[in-house]
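Participant: This is the structure I have questions about; it appears just below.
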Amino acid sequence: VQLQASGGGLVQAGGSLRLSCAASGIIFRGHDMGWYRQAPGNQRDMVALITTGGSTNYADSVKGRFTISRDNAKNTVYLQMNSLKLEDAAVYYCNAKYASPSGTNYWGKGTQVTVSS
């Protein structure tokens, strides 16, 4: 199983980035997908989730600014990040969880997002 995240980088506050996560080795349409982030010294927190059926859930801190989407034909999940703030800076990780109560979790290696003032 491989989750390859990309799209991170350096952006000014107020700017936008689009993260992508390409999955392989899993039946993508059978997995709930998510983005998490971890800043230095902090725990890894959920940013956005999208279920196999397309339902979404967001952390309060990103609601209205971030949008998660998925393309099952491309085995890819996206995170569109707008109006970025300094506090959005973190390593962003892609997660895949098989959509069952005891579904296995898979993690990608992460992509760095840096926000400058």
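Each chain of the structure tokens is named A, B, ... in the order shown, its residues numbered from 1; ligands are numbered from 1 in display order.
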Residues near Lys85 in chain A, anyone? I mean within 9 Å using only C-alpha atoms, not counting same-chain ones fewer than 5 positions away, as a list of chain:residue names.
Facilitator: A:Gln12, A:Ala13, A:Gly14, A:Gly15, A:Val115, A:Ser116, A:Ser117
Participant: Can you write out the residues you just picked, keeping all heavy atoms, as a PDB file, in the first residue's frame?
Facilitator:
```
ATOM      1  N   GLN A  12       2.441  32.328   0.964  1.00  0.00           N
ATOM      2  CA  GLN A  12       2.175  33.458   1.848  1.00  0.00           C
ATOM      3  C   GLN A  12       0.814  33.312   2.496  1.00  0.00           C
ATOM      4  O   GLN A  12      -0.108  32.697   1.928  1.00  0.00           O
ATOM      5  CB  GLN A  12       2.234  34.765   1.066  1.00  0.00           C
ATOM      6  CG  GLN A  12       3.634  35.265   0.784  1.00  0.00           C
ATOM      7  CD  GLN A  12       3.648  36.688   0.283  1.00  0.00           C
ATOM      8  OE1 GLN A  12       2.780  37.088  -0.483  1.00  0.00           O
ATOM      9  NE2 GLN A  12       4.650  37.461   0.705  1.00  0.00           N
ATOM     10  N   ALA A  13       0.694  33.891   3.673  1.00  0.00           N
ATOM     11  CA  ALA A  13      -0.604  33.908   4.339  1.00  0.00           C
ATOM     12  C   ALA A  13      -1.636  34.529   3.407  1.00  0.00           C
ATOM     13  O   ALA A  13      -1.375  35.543   2.750  1.00  0.00           O
ATOM     14  CB  ALA A  13      -0.516  34.689   5.642  1.00  0.00           C
ATOM     15  N   GLY A  14      -2.797  33.884   3.361  1.00  0.00           N
ATOM     16  CA  GLY A  14      -3.847  34.318   2.457  1.00  0.00           C
ATOM     17  C   GLY A  14      -3.844  33.604   1.128  1.00  0.00           C
ATOM     18  O   GLY A  14      -4.799  33.709   0.351  1.00  0.00           O
ATOM     19  N   GLY A  15      -2.788  32.884   0.862  1.00  0.00           N
ATOM     20  CA  GLY A  15      -2.659  32.167  -0.390  1.00  0.00           C
ATOM     21  C   GLY A  15      -3.337  30.809  -0.363  1.00  0.00           C
ATOM     22  O   GLY A  15      -4.022  30.452   0.599  1.00  0.00           O
ATOM     23  N   VAL A 115       3.723  28.353   5.773  1.00  0.00           N
ATOM     24  CA  VAL A 115       2.994  29.590   5.511  1.00  0.00           C
ATOM     25  C   VAL A 115       3.804  30.759   6.071  1.00  0.00           C
ATOM     26  O   VAL A 115       4.153  30.759   7.252  1.00  0.00           O
ATOM     27  CB  VAL A 115       1.593  29.559   6.140  1.00  0.00           C
ATOM     28  CG1 VAL A 115       0.816  30.827   5.770  1.00  0.00           C
ATOM     29  CG2 VAL A 115       0.825  28.320   5.684  1.00  0.00           C
ATOM     30  N   SER A 116       4.098  31.710   5.229  1.00  0.00           N
ATOM     31  CA  SER A 116       4.891  32.867   5.646  1.00  0.00           C
ATOM     32  C   SER A 116       4.000  34.108   5.777  1.00  0.00           C
ATOM     33  O   SER A 116       2.957  34.215   5.133  1.00  0.00           O
ATOM     34  CB  SER A 116       5.993  33.141   4.631  1.00  0.00           C
ATOM     35  OG  SER A 116       5.435  33.498   3.386  1.00  0.00           O
ATOM     36  N   SER A 117       4.448  35.009   6.615  1.00  0.00           N
ATOM     37  CA  SER A 117       3.673  36.240   6.835  1.00  0.00           C
ATOM     38  C   SER A 117       4.017  37.300   5.805  1.00  0.00           C
ATOM     39  O   SER A 117       4.962  37.181   5.052  1.00  0.00           O
ATOM     40  CB  SER A 117       3.938  36.778   8.240  1.00  0.00           C
ATOM     41  OG  SER A 117       5.305  37.027   8.402  1.00  0.00           O
TER      42      SER A 117
END
```
Participant: Tell me, as a ChimeraX atom specification, which residues lie within 12 Å of Lys63 in chain A, counting only C-alpha atoms; anything in the same chain fewer than 6 positions away does not count.
Facilitator: /A:47-49,56-57,80-84
Participant: Between CA of Ala90 in chain A and CA of Thr114 in chain A, what is the spacing in Å?
Facilitator: 6.7 Å
Participant: Nearest to Ser16 in chain A: which of A:Arg65, A:Asn42, A:Asn105, A:Tyr58 is it, counting only C-alpha atoms?
Facilitator: A:Arg65
Participant: With only C-alpha atoms as the counted atoms, please give the residues lying no more than 10 Å from Ala5 in chain A, apart from itself and same-chain residues fewer than 2 positions off, as a PyMOL selection string.
Facilitator: chain A and resi 2-3+7-8+19-23+35+76-78+92-95+107-112
Participant: Between CA of Lys74 in chain A and CA of Ala39 in chain A, what distance in Å does the model show, to one decimal?
Facilitator: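 Here the two named atoms are 29.1 Å from each other.
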Participant: Given only C-alpha atoms as the basis, pick out the residue of A:Val1, A:Gly41, A:Leu10, A:Val91 nearest to Ile26 in chain A.
Facilitator: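 Nearest to Ile26 in chain A: A:Val1.
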Participant: From the options A:Gly54, A:Pro40, A:Gly64, A:Gly34, which residue's atoms come nearest to Tyr106 in chain A, counting only C-alpha atoms?
Facilitator: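 Smallest distance to Tyr106 in chain A is found for A:Gly34.
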Participant: In Å, with one decimal, what is the gap from CA of Arg37 in chain A to CA of Glu87 in chain A?
Facilitator: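 It comes out at 11.0 Å.
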Participant: Which of these residues is nearest to Arg18 in chain A, using only C-alpha atoms: A:Pro101, A:Ile68, A:Leu86, A:Gly53?
Facilitator: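 Of the candidates, the smallest distance to Arg18 in chain A is held by A:Ile68.
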Participant: Out of range 19-111 of chain A, which residues get strand (DSSP E) from DSSP, as a ChimeraX atom specification?
Facilitator: /A:19-24,31-38,45-50,56-58,66-71,76-81,90-98,105-107,111
Participant: Here is a test: counting only C-alpha atoms, which residue of A:Thr104, A:Met46, A:Phe66, A:Ala99 is nearest to Leu17 in chain A?
Facilitator: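 Looking only at the distances to Leu17 in chain A, the closest residue turns out to be A:Phe66.
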Participant: Looking at A:Val113, A:Ile27, A:Ile50, A:Ala89, which one is nearest to Ala73 in chain A, with distances taken over only C-alpha atoms?
Facilitator: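 Counting only C-alpha atoms, the residue closest to Ala73 in chain A is A:Ile27.
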